[in-house]
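Have a look at coords31.pdb below; it lists PDB, C-alpha atoms.
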MODEL        1
ATOM      1  CA  MET Y  29      33.196-190.217  -6.362
ATOM      2  CA  VAL Y  30      33.130-186.435  -6.643
ATOM      3  CA  THR Y  31      34.706-184.460  -3.810
ATOM      4  CA  ARG Y  32      34.183-180.774  -3.033
ATOM      5  CA  ARG Y  33      37.346-179.868  -4.962
ATOM      6  CA  GLN Y  34      36.256-182.001  -7.923
ATOM      7  CA  THR Y  35      32.831-180.339  -7.825
ATOM      8  CA  LEU Y  36      34.507-176.987  -8.308
ATOM      9  CA  GLY Y  37      36.509-178.520 -11.151
ATOM     10  CA  LEU Y  38      33.303-179.695 -12.822
ATOM     11  CA  ILE Y  39      31.834-176.227 -12.489
ATOM     12  CA  GLY Y  40      34.951-174.621 -13.919
ATOM     13  CA  ALA Y  41      35.049-176.975 -16.870
ATOM     14  CA  ALA Y  42      31.381-176.320 -17.588
ATOM     15  CA  ALA Y  43      31.973-172.565 -17.535
ATOM     16  CA  VAL Y  44      34.868-172.836 -19.979
ATOM     17  CA  SER Y  45      32.987-175.108 -22.376
ATOM     18  CA  THR Y  46      29.675-173.215 -22.361
ATOM     19  CA  VAL Y  47      28.770-171.780 -25.742
ATOM     20  CA  LEU Y  48      26.082-169.126 -25.794
ATOM     21  CA  PRO Y  49      23.334-169.614 -28.387
ATOM     22  CA  ILE Y  50      23.203-167.312 -31.379
ATOM     23  CA  ALA Y  51      20.482-164.704 -30.924
ATOM     24  CA  GLY Y  52      17.255-165.609 -32.726
ATOM     25  CA  LYS Y  53      18.208-169.248 -33.275
ATOM     26  CA  ALA Y  54      16.836-172.209 -31.357
ATOM     27  CA  ARG Y  55      19.320-174.411 -29.541
ATOM     28  CA  ALA Y  56      20.082-177.797 -31.079
ATOM     29  CA  ALA Y  57      18.642-180.888 -29.435
ATOM     30  CA  ALA Y  58      20.764-182.142 -26.547
ATOM     31  CA  LYS Y  59      23.513-184.612 -27.444
ATOM     32  CA  ALA Y  60      24.587-185.204 -23.858
ATOM     33  CA  LEU Y  61      22.877-185.878 -20.536
ATOM     34  CA  ARG Y  62      25.132-185.366 -17.509
ATOM     35  CA  ILE Y  63      23.764-187.029 -14.394
ATOM     36  CA  GLY Y  64      24.846-186.723 -10.785
ATOM     37  CA  TRP Y  65      23.992-189.751  -8.650
ATOM     38  CA  GLN Y  66      24.385-191.087  -5.129
ATOM     39  CA  LYS Y  67      24.760-194.632  -3.786
ATOM     40  CA  ASN Y  68      21.068-195.391  -3.570
ATOM     41  CA  GLY Y  69      17.741-195.701  -5.284
ATOM     42  CA  VAL Y  70      16.301-196.013  -8.713
ATOM     43  CA  LEU Y  71      18.879-193.811 -10.424
ATOM     44  CA  ALA Y  72      21.659-196.169  -9.336
ATOM     45  CA  LEU Y  73      19.668-199.066 -10.776
ATOM     46  CA  ALA Y  74      19.123-197.230 -14.045
ATOM     47  CA  LYS Y  75      22.877-196.652 -14.227
ATOM     48  CA  SER Y  76      23.625-200.335 -13.655
ATOM     49  CA  GLN Y  77      21.202-201.372 -16.401
ATOM     50  CA  GLY Y  78      22.210-198.707 -18.896
ATOM     51  CA  ALA Y  79      18.496-197.926 -19.127
ATOM     52  CA  LEU Y  80      18.835-194.288 -20.130
ATOM     53  CA  GLU Y  81      21.687-195.037 -22.515
ATOM     54  CA  LYS Y  82      19.485-197.578 -24.302
ATOM     55  CA  ARG Y  83      16.488-195.265 -24.422
ATOM     56  CA  PHE Y  84      18.406-192.426 -26.040
ATOM     57  CA  ALA Y  85      20.871-194.407 -28.170
ATOM     58  CA  ASP Y  86      18.989-193.861 -31.432
ATOM     59  CA  ARG Y  87      19.226-190.101 -30.889
ATOM     60  CA  GLY Y  88      22.941-190.086 -30.294
ATOM     61  CA  ILE Y  89      22.603-188.751 -26.727
ATOM     62  CA  LYS Y  90      25.618-189.606 -24.587
ATOM     63  CA  VAL Y  91      24.833-190.210 -20.910
ATOM     64  CA  THR Y  92      27.624-189.540 -18.400
ATOM     65  CA  TRP Y  93      27.588-190.080 -14.636
ATOM     66  CA  SER Y  94      29.290-188.369 -11.678
ATOM     67  CA  GLU Y  95      28.956-189.846  -8.179
ATOM     68  CA  PHE Y  96      28.398-187.622  -5.126
ATOM     69  CA  THR Y  97      28.283-188.478  -1.423
ATOM     70  CA  SER Y  98      25.519-185.983  -0.628
ATOM     71  CA  GLY Y  99      23.071-183.533  -2.160
ATOM     72  CA  PRO Y 100      24.732-180.148  -1.454
ATOM     73  CA  PRO Y 101      27.769-180.551  -3.762
ATOM     74  CA  LEU Y 102      25.630-182.275  -6.383
ATOM     75  CA  LEU Y 103      23.232-179.322  -6.524
ATOM     76  CA  GLU Y 104      26.111-176.867  -6.540
ATOM     77  CA  ALA Y 105      27.364-178.514  -9.726
ATOM     78  CA  LEU Y 106      23.844-178.737 -11.134
ATOM     79  CA  GLY Y 107      23.008-175.097 -10.512
ATOM     80  CA  ALA Y 108      26.292-173.966 -12.037
ATOM     81  CA  GLY Y 109      25.731-175.917 -15.243
ATOM     82  CA  ALA Y 110      28.247-178.712 -14.659
ATOM     83  CA  LEU Y 111      25.423-181.292 -14.491
ATOM     84  CA  ASP Y 112      22.003-181.550 -16.106
ATOM     85  CA  PHE Y 113      20.037-183.819 -13.760
ATOM     86  CA  GLY Y 114      20.342-185.319 -10.293
ATOM     87  CA  PRO Y 115      18.635-186.559  -7.096
ATOM     88  CA  THR Y 116      18.638-185.135  -3.586
ATOM     89  CA  GLY Y 117      16.811-185.079  -0.298
ATOM     90  CA  ASP Y 118      14.551-182.280   0.897
ATOM     91  CA  VAL Y 119      16.985-179.731   2.359
ATOM     92  CA  PRO Y 120      19.737-179.333  -0.290
ATOM     93  CA  PRO Y 121      17.416-177.602  -2.800
ATOM     94  CA  LEU Y 122      16.595-174.947  -0.193
ATOM     95  CA  PHE Y 123      20.239-173.983   0.208
ATOM     96  CA  ALA Y 124      20.768-174.119  -3.559
ATOM     97  CA  GLN Y 125      17.771-171.860  -4.205
ATOM     98  CA  ALA Y 126      18.844-169.479  -1.440
ATOM     99  CA  ALA Y 127      22.216-169.229  -3.204
ATOM    100  CA  ARG Y 128      20.346-168.479  -6.447
ATOM    101  CA  GLY Y 129      21.526-171.624  -8.192
ATOM    102  CA  ASN Y 130      20.071-172.119 -11.669
ATOM    103  CA  LEU Y 131      17.946-175.195 -11.046
ATOM    104  CA  LEU Y 132      14.390-176.485 -11.226
ATOM    105  CA  TYR Y 133      12.419-179.115  -9.327
ATOM    106  CA  ILE Y 134      11.371-181.835 -11.777
ATOM    107  CA  GLY Y 135      10.040-184.861  -9.934
ATOM    108  CA  THR Y 136       9.988-186.917  -6.771
ATOM    109  CA  TYR Y 137      10.844-190.355  -5.482
ATOM    110  CA  ARG Y 138      10.068-191.868  -2.093
ATOM    111  CA  GLY Y 139      12.146-193.637   0.501
ATOM    112  CA  SER Y 140      11.471-194.928   3.980
ATOM    113  CA  GLY Y 141      11.475-192.822   7.116
ATOM    114  CA  GLN Y 142      13.233-195.732   8.815
ATOM    115  CA  GLY Y 143      16.277-195.135   6.638
ATOM    116  CA  SER Y 144      17.053-191.730   8.157
ATOM    117  CA  ALA Y 145      18.225-192.050  11.736
ATOM    118  CA  ILE Y 146      20.306-190.683  14.566
ATOM    119  CA  LEU Y 147      22.859-193.300  15.565
ATOM    120  CA  VAL Y 148      24.827-193.681  18.775
ATOM    121  CA  HIS Y 149      27.357-196.210  20.041
ATOM    122  CA  LYS Y 150      25.954-199.391  21.542
ATOM    123  CA  ASP Y 151      27.347-198.680  25.000
ATOM    124  CA  SER Y 152      26.708-194.936  24.881
ATOM    125  CA  PRO Y 153      25.004-193.369  27.904
ATOM    126  CA  ILE Y 154      22.722-191.556  25.411
ATOM    127  CA  GLN Y 155      19.362-193.264  25.836
ATOM    128  CA  SER Y 156      16.995-190.528  24.699
ATOM    129  CA  LEU Y 157      16.993-187.460  22.483
ATOM    130  CA  ALA Y 158      17.252-185.284  25.584
ATOM    131  CA  ASP Y 159      20.581-186.946  26.380
ATOM    132  CA  LEU Y 160      22.069-185.390  23.232
ATOM    133  CA  LYS Y 161      22.366-182.064  25.046
ATOM    134  CA  GLY Y 162      26.004-181.011  25.106
ATOM    135  CA  LYS Y 163      27.083-183.935  22.932
ATOM    136  CA  LYS Y 164      28.927-183.977  19.593
ATOM    137  CA  LEU Y 165      26.387-184.647  16.857
ATOM    138  CA  ALA Y 166      27.507-184.930  13.236
ATOM    139  CA  PHE Y 167      25.414-184.385  10.114
ATOM    140  CA  LYS Y 168      25.973-182.878   6.693
ATOM    141  CA  ARG Y 169      24.839-179.264   6.810
ATOM    142  CA  GLY Y 170      22.277-178.575   4.109
ATOM    143  CA  SER Y 171      21.361-182.249   3.708
ATOM    144  CA  SER Y 172      18.156-184.092   4.602
ATOM    145  CA  ALA Y 173      19.885-185.109   7.846
ATOM    146  CA  HIS Y 174      19.902-181.421   8.798
ATOM    147  CA  ASN Y 175      16.093-181.435   8.747
ATOM    148  CA  VAL Y 176      15.857-184.720  10.646
ATOM    149  CA  THR Y 177      18.224-183.370  13.307
ATOM    150  CA  VAL Y 178      16.281-180.126  13.776
ATOM    151  CA  LYS Y 179      12.948-181.904  14.131
ATOM    152  CA  GLN Y 180      14.204-184.686  16.387
ATOM    153  CA  LEU Y 181      15.918-182.265  18.744
ATOM    154  CA  ARG Y 182      12.711-180.219  18.889
ATOM    155  CA  LYS Y 183      10.851-183.309  20.153
ATOM    156  CA  ALA Y 184      13.111-183.242  23.184
ATOM    157  CA  GLY Y 185      12.808-179.488  23.674
ATOM    158  CA  LEU Y 186      16.292-178.923  22.256
ATOM    159  CA  THR Y 187      17.735-176.854  19.421
ATOM    160  CA  LEU Y 188      20.934-177.098  17.408
ATOM    161  CA  GLY Y 189      22.413-174.671  19.917
ATOM    162  CA  ASP Y 190      22.103-177.346  22.615
ATOM    163  CA  VAL Y 191      24.478-179.742  20.847
ATOM    164  CA  THR Y 192      27.931-179.440  19.325
ATOM    165  CA  SER Y 193      27.130-179.734  15.626
ATOM    166  CA  LEU Y 194      29.786-181.016  13.263
ATOM    167  CA  ASP Y 195      29.319-180.523   9.525
ATOM    168  CA  LEU Y 196      30.673-183.779   8.082
ATOM    169  CA  ALA Y 197      30.042-185.528   4.762
ATOM    170  CA  PRO Y 198      28.947-189.164   5.178
ATOM    171  CA  PRO Y 199      32.378-190.798   4.647
ATOM    172  CA  ASP Y 200      34.036-188.432   7.138
ATOM    173  CA  ALA Y 201      31.213-188.816   9.643
ATOM    174  CA  ALA Y 202      31.366-192.609   9.310
ATOM    175  CA  ALA Y 203      35.069-192.564  10.181
ATOM    176  CA  ALA Y 204      34.528-190.176  13.092
ATOM    177  CA  PHE Y 205      31.683-192.315  14.411
ATOM    178  CA  LYS Y 206      33.767-195.470  14.075
ATOM    179  CA  ASN Y 207      36.706-194.063  16.031
ATOM    180  CA  GLY Y 208      34.495-192.536  18.723
ATOM    181  CA  SER Y 209      35.338-188.892  18.102
ATOM    182  CA  ILE Y 210      31.640-188.025  17.822
ATOM    183  CA  ASP Y 211      28.822-189.073  20.119
ATOM    184  CA  ALA Y 212      26.011-189.317  17.585
ATOM    185  CA  TRP Y 213      25.463-189.254  13.836
ATOM    186  CA  SER Y 214      22.388-188.171  11.868
ATOM    187  CA  ILE Y 215      22.426-189.932   8.502
ATOM    188  CA  TRP Y 216      20.389-191.549   5.716
ATOM    189  CA  ASP Y 217      20.435-194.863   3.833
ATOM    190  CA  PRO Y 218      22.475-196.684   2.727
ATOM    191  CA  TYR Y 219      24.887-195.214   5.279
ATOM    192  CA  THR Y 220      22.342-195.870   8.043
ATOM    193  CA  ALA Y 221      22.060-199.538   7.135
ATOM    194  CA  ILE Y 222      25.831-199.909   6.746
ATOM    195  CA  ALA Y 223      26.363-198.525  10.251
ATOM    196  CA  GLU Y 224      23.528-200.638  11.667
ATOM    197  CA  ALA Y 225      25.330-203.751  10.476
ATOM    198  CA  ASP Y 226      28.067-202.977  13.005
ATOM    199  CA  PRO Y 227      27.108-204.519  16.364
ATOM    200  CA  ASN Y 228      28.640-201.517  18.105
ATOM    201  CA  THR Y 229      25.997-199.208  16.614
ATOM    202  CA  ARG Y 230      22.577-198.469  18.099
ATOM    203  CA  VAL Y 231      19.683-196.578  16.532
ATOM    204  CA  LEU Y 232      18.569-193.834  18.885
ATOM    205  CA  THR Y 233      15.625-192.784  16.722
ATOM    206  CA  THR Y 234      14.482-192.758  13.102
ATOM    207  CA  ALA Y 235      12.669-190.143  11.055
ATOM    208  CA  GLU Y 236       9.595-192.329  10.657
ATOM    209  CA  GLY Y 237       6.506-190.372  11.653
ATOM    210  CA  VAL Y 238       8.554-187.212  12.151
ATOM    211  CA  VAL Y 239       9.779-186.240   8.672
ATOM    212  CA  ASP Y 240       7.994-187.016   5.408
ATOM    213  CA  SER Y 241      10.289-188.974   3.120
ATOM    214  CA  TRP Y 242      10.107-186.733   0.045
ATOM    215  CA  SER Y 243      13.173-186.742  -2.172
ATOM    216  CA  TYR Y 244      13.586-184.917  -5.443
ATOM    217  CA  PHE Y 245      14.932-184.964  -8.952
ATOM    218  CA  LEU Y 246      16.208-181.566 -10.056
ATOM    219  CA  GLY Y 247      17.613-180.249 -13.296
ATOM    220  CA  ASN Y 248      19.745-177.366 -14.457
ATOM    221  CA  GLY Y 249      17.343-174.566 -15.335
ATOM    222  CA  ASP Y 250      18.692-173.911 -18.834
ATOM    223  CA  PHE Y 251      18.929-177.580 -19.742
ATOM    224  CA  VAL Y 252      15.370-178.312 -18.612
ATOM    225  CA  ALA Y 253      13.967-175.268 -20.402
ATOM    226  CA  ASP Y 254      15.552-176.421 -23.664
ATOM    227  CA  ASN Y 255      14.898-180.158 -23.270
ATOM    228  CA  GLY Y 256      11.514-180.601 -21.635
ATOM    229  CA  ASP Y 257      10.545-183.593 -23.759
ATOM    230  CA  LEU Y 258      13.781-185.338 -22.855
ATOM    231  CA  ILE Y 259      13.160-184.723 -19.144
ATOM    232  CA  VAL Y 260       9.691-186.284 -19.420
ATOM    233  CA  GLU Y 261      11.309-189.369 -20.921
ATOM    234  CA  VAL Y 262      13.931-189.541 -18.169
ATOM    235  CA  ILE Y 263      11.231-189.577 -15.484
ATOM    236  CA  ASP Y 264       9.206-192.121 -17.466
ATOM    237  CA  GLU Y 265      12.217-194.429 -17.810
ATOM    238  CA  LEU Y 266      13.113-194.164 -14.126
ATOM    239  CA  LYS Y 267       9.554-195.074 -13.166
ATOM    240  CA  LYS Y 268       9.720-198.121 -15.446
ATOM    241  CA  VAL Y 269      13.041-199.190 -13.954
ATOM    242  CA  GLY Y 270      11.743-198.716 -10.404
ATOM    243  CA  SER Y 271       8.459-200.521 -10.967
ATOM    244  CA  ALA Y 272      10.237-203.496 -12.541
ATOM    245  CA  ALA Y 273      12.689-203.544  -9.649
ATOM    246  CA  GLN Y 274       9.906-203.682  -7.056
ATOM    247  CA  ALA Y 275       8.465-206.703  -8.849
ATOM    248  CA  ASN Y 276      11.755-208.625  -8.703
ATOM    249  CA  PHE Y 277      13.146-207.931  -5.252
ATOM    250  CA  ASP Y 278      15.943-210.518  -5.084
ATOM    251  CA  GLN Y 279      17.408-209.565  -8.441
ATOM    252  CA  THR Y 280      17.146-205.896  -7.536
ATOM    253  CA  VAL Y 281      19.140-206.425  -4.336
ATOM    254  CA  LYS Y 282      21.939-208.070  -6.327
ATOM    255  CA  ALA Y 283      21.917-205.414  -9.052
ATOM    256  CA  LEU Y 284      21.910-202.463  -6.660
ATOM    257  CA  ALA Y 285      24.640-203.992  -4.495
ATOM    258  CA  SER Y 286      26.763-204.509  -7.591
ATOM    259  CA  ILE Y 287      26.579-200.898  -8.772
ATOM    260  CA  THR Y 288      26.871-199.227  -5.343
ATOM    261  CA  GLY Y 289      29.395-201.549  -3.703
ATOM    262  CA  VAL Y 290      27.096-201.813  -0.669
ATOM    263  CA  PRO Y 291      26.899-205.480   0.472
ATOM    264  CA  GLU Y 292      23.786-207.418  -0.505
ATOM    265  CA  ASN Y 293      22.689-208.013   3.091
ATOM    266  CA  VAL Y 294      22.829-204.262   3.771
ATOM    267  CA  THR Y 295      21.108-203.409   0.469
ATOM    268  CA  ASN Y 296      18.356-205.874   1.392
ATOM    269  CA  VAL Y 297      17.763-203.974   4.637
ATOM    270  CA  VAL Y 298      17.471-200.667   2.760
ATOM    271  CA  LEU Y 299      15.005-201.963   0.168
ATOM    272  CA  ALA Y 300      12.889-203.894   2.678
ATOM    273  CA  ARG Y 301      12.245-200.939   4.982
ATOM    274  CA  ARG Y 302       8.629-199.961   5.522
ATOM    275  CA  GLY Y 303       7.473-197.490   2.880
ATOM    276  CA  ALA Y 304      10.409-197.992   0.508
ATOM    277  CA  ASP Y 305       9.217-198.108  -3.116
ATOM    278  CA  LEU Y 306      11.604-197.779  -6.044
ATOM    279  CA  GLY Y 307       8.668-197.372  -8.403
ATOM    280  CA  ALA Y 308       7.289-194.285  -6.649
ATOM    281  CA  VAL Y 309       8.737-191.884  -9.224
ATOM    282  CA  SER Y 310       6.665-189.042 -10.642
ATOM    283  CA  ILE Y 311       6.616-185.507 -11.955
ATOM    284  CA  LEU Y 312       6.444-183.183  -8.944
ATOM    285  CA  PRO Y 313       3.023-183.391  -7.220
ATOM    286  CA  ASP Y 314       1.436-180.418  -5.443
ATOM    287  CA  ALA Y 315       1.822-182.134  -2.060
ATOM    288  CA  ALA Y 316       5.601-182.189  -2.470
ATOM    289  CA  VAL Y 317       5.661-178.488  -3.366
ATOM    290  CA  GLU Y 318       3.610-177.678  -0.263
ATOM    291  CA  TYR Y 319       5.953-179.763   1.892
ATOM    292  CA  GLN Y 320       9.012-177.961   0.526
ATOM    293  CA  GLN Y 321       7.444-174.550   1.031
ATOM    294  CA  ALA Y 322       6.645-175.336   4.662
ATOM    295  CA  LEU Y 323      10.206-176.594   5.165
ATOM    296  CA  ALA Y 324      11.659-173.476   3.519
ATOM    297  CA  ASP Y 325       9.558-171.241   5.768
ATOM    298  CA  GLU Y 326      10.659-173.180   8.840
ATOM    299  CA  PHE Y 327      14.355-172.992   7.945
ATOM    300  CA  TYR Y 328      14.068-169.263   7.249
ATOM    301  CA  ASP Y 329      12.361-168.671  10.604
ATOM    302  CA  LEU Y 330      15.170-170.625  12.288
ATOM    303  CA  LYS Y 331      17.724-168.483  10.406
ATOM    304  CA  ILE Y 332      19.234-171.573   8.788
ATOM    305  CA  ILE Y 333      18.715-170.151   5.300
ATOM    306  CA  PRO Y 334      19.257-166.419   4.660
ATOM    307  CA  ARG Y 335      16.127-165.454   2.730
ATOM    308  CA  LYS Y 336      12.509-166.383   2.128
ATOM    309  CA  LEU Y 337      11.961-168.766  -0.755
ATOM    310  CA  ASP Y 338       9.129-169.236  -3.217
ATOM    311  CA  ILE Y 339       9.337-172.932  -4.072
ATOM    312  CA  ALA Y 340       6.686-172.766  -6.791
ATOM    313  CA  SER Y 341       8.814-170.279  -8.727
ATOM    314  CA  ILE Y 342      11.382-172.974  -9.534
ATOM    315  CA  VAL Y 343       9.017-175.891 -10.163
ATOM    316  CA  TRP Y 344       9.073-177.198 -13.720
ATOM    317  CA  ARG Y 345       5.908-178.497 -15.347
ATOM    318  CA  PRO Y 346       5.850-180.381 -18.662
ATOM    319  CA  LYS Y 347       4.015-178.761 -21.518
ATOM    320  CA  ALA Y 348       0.545-180.138 -22.149
ATOM    321  CA  SER Y 349       0.617-182.529 -25.082
TER     322      SER Y 349
ENDMDL
END
Same coordinates, now as structure tokens:
Amino acid sequence: MVTRRQTLGLIGAAAVSTVLPIAGKARAAAKALRIGWQKNGVLALAKSQGALEKRFADRGIKVTWSEFTSGPPLLEALGAGALDFGPTGDVPPLFAQAARGNLLYIGTYRGSGQGSAILVHKDSPIQSLADLKGKKLAFKRGSSAHNVTVKQLRKAGLTLGDVTSLDLAPPDAAAAFKNGSIDAWSIWDPYTAIAEADPNTRVLTTAEGVVDSWSYFLGNGDFVADNGDLIVEVIDELKKVGSAAQANFDQTVKALASITGVPENVTNVVLARRGADLGAVSILPDAAVEYQQALADEFYDLKIIPRKLDIASIVWRPKAS
């Protein structure tokens, strides 16, 4: 699992090992594909099956994997050239683009709105979103939970200024929630489902019907520009893996639990949520671009990100065959 310090190490190593192309000569075909992944979804399944390794074996492409607990550090490494490809929720790319990271939107995958939730303790006096006022609420700044928190608080006529926000990565937030040092936790699956399995946890609200469940695959800008055909194949393979997984639910639960370390009963909850579909992988559709642009405009207006963003300017499209 890659920590913040290790992320910086990845970036440093990438900077040292980068070799600039000779002027006037095309770059050689990629011989490595460096993937960042998190403990969920179709990419984790592809890792467990060695699907991408098998697809690219005859071309001598080595696939390596680095695990991250959330999108922000993953995209930091991606934008700096320490990774080539990775998944994230809706908010991390906004912060990465605002920081002028070298990355491109490639494709999308879909989860369930039920998997993103604000959790409280079973016996907590917090019974409604309005009761969060003045309370300690943890979420990872710049993650999809940031968006869920903003929109859920708005439903109750509140803003982030009405709560004590704590910027905690999922493992740290889980520990803080467990020991009672925070009042509420905004988080996504599988962390949501893991916490729900504890009888002392209660779901205050989910993102269903409030936040669209778009998630994204992004790539390092230079890598994608030089390896467009390879990227098309990556998305194609992930769609195949996801579609096959949806058709064999029980086996998928076992496989995903094995690679992530999340218990099978918890993994079953994640995959069985309404709207979850591992096969819903595609090159970026226009609807997802429009969603991201609206979110970027909202976060700029709220002064969460420092500048206006043009999402379409960093959207990659495959060349017409």
Enter the distance from atom CA of Y:Arg169 to atom CA of Y:Ile332, in Å, rounded to one decimal. 9.7 Å
Enter the distance from atom CA of Y:Ile342 to atom CA of Y:Tyr133, in Å, rounded to one decimal.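 Calculated distance between atom CA of Y:Ile342 and atom CA of Y:Tyr133 is 6.2 Å.
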Please measure the separation of atom CA of Y:Thr192 and atom CA of Y:Lys164, giving the value in Å to one decimal.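 Separation between atom CA of Y:Thr192 and atom CA of Y:Lys164: 4.7 Å.
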Out of Y:Pro218, Y:Pro101, Y:Gly141, Y:Gly135, which residue has the shortest atom-to-atom distance to Y:Val343 when counting all atoms listed in the file?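 Using all atoms listed in the file, Y:Val343 sits closest to Y:Gly135.
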As a check of understanding, name the residues that the PyMOL selection byres ((chain Y and resi 129) around 9) selects in the supplied structure, as a PyMOL selection string. chain Y and resi 103-104+106-108+123-128+130-131+248-249
Spatial neighbours of Y:Ile154, max dist 9 Å, all atoms listed in the file, sep filter under 4 positions, as a PyMOL selection string: chain Y and resi 148-149+158-160+211-212+232
Report as a list in words the residues that result from applying the PyMOL selection byres ((chain Y and resi 71) around 10) to the structure here.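 Checked against the file, the PyMOL selection byres ((chain Y and resi 71) around 10) matches Ile63, Gly64, Trp65, Gln66, Lys67, Asn68, Gly69, Val70, Ala72, Leu73, Ala74, Lys75, Ser76, Gln77, Ala79, Leu80, Gly114, Pro115, Phe245, Glu265, Leu266, Lys267, Val269, Gly270, Leu284 and Leu306 of chain Y.
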Pick the closest to Y:Ala322 from Y:Ser214, Y:Gly162, Y:Leu122, Y:Asp278: which is it, counting only C-alpha atoms? Y:Leu122
I'd like the contact shell of Y:Gly139 - 8 Å cut-off, only C-alpha atoms, skipping same-chain residues fewer than 3 positions apart - returned as a list in words. Gly143, Ser241, Trp242, Ser243, Gly303, Ala304, Asp305 and Leu306 of chain Y
Using only C-alpha atoms, find the one residue out of Y:Ile263, Y:Ile134, Y:Ala204, Y:Val252 that sits nearest to Y:Asp314.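 Answer, going by the shortest atom-to-atom distance: Y:Ile134.
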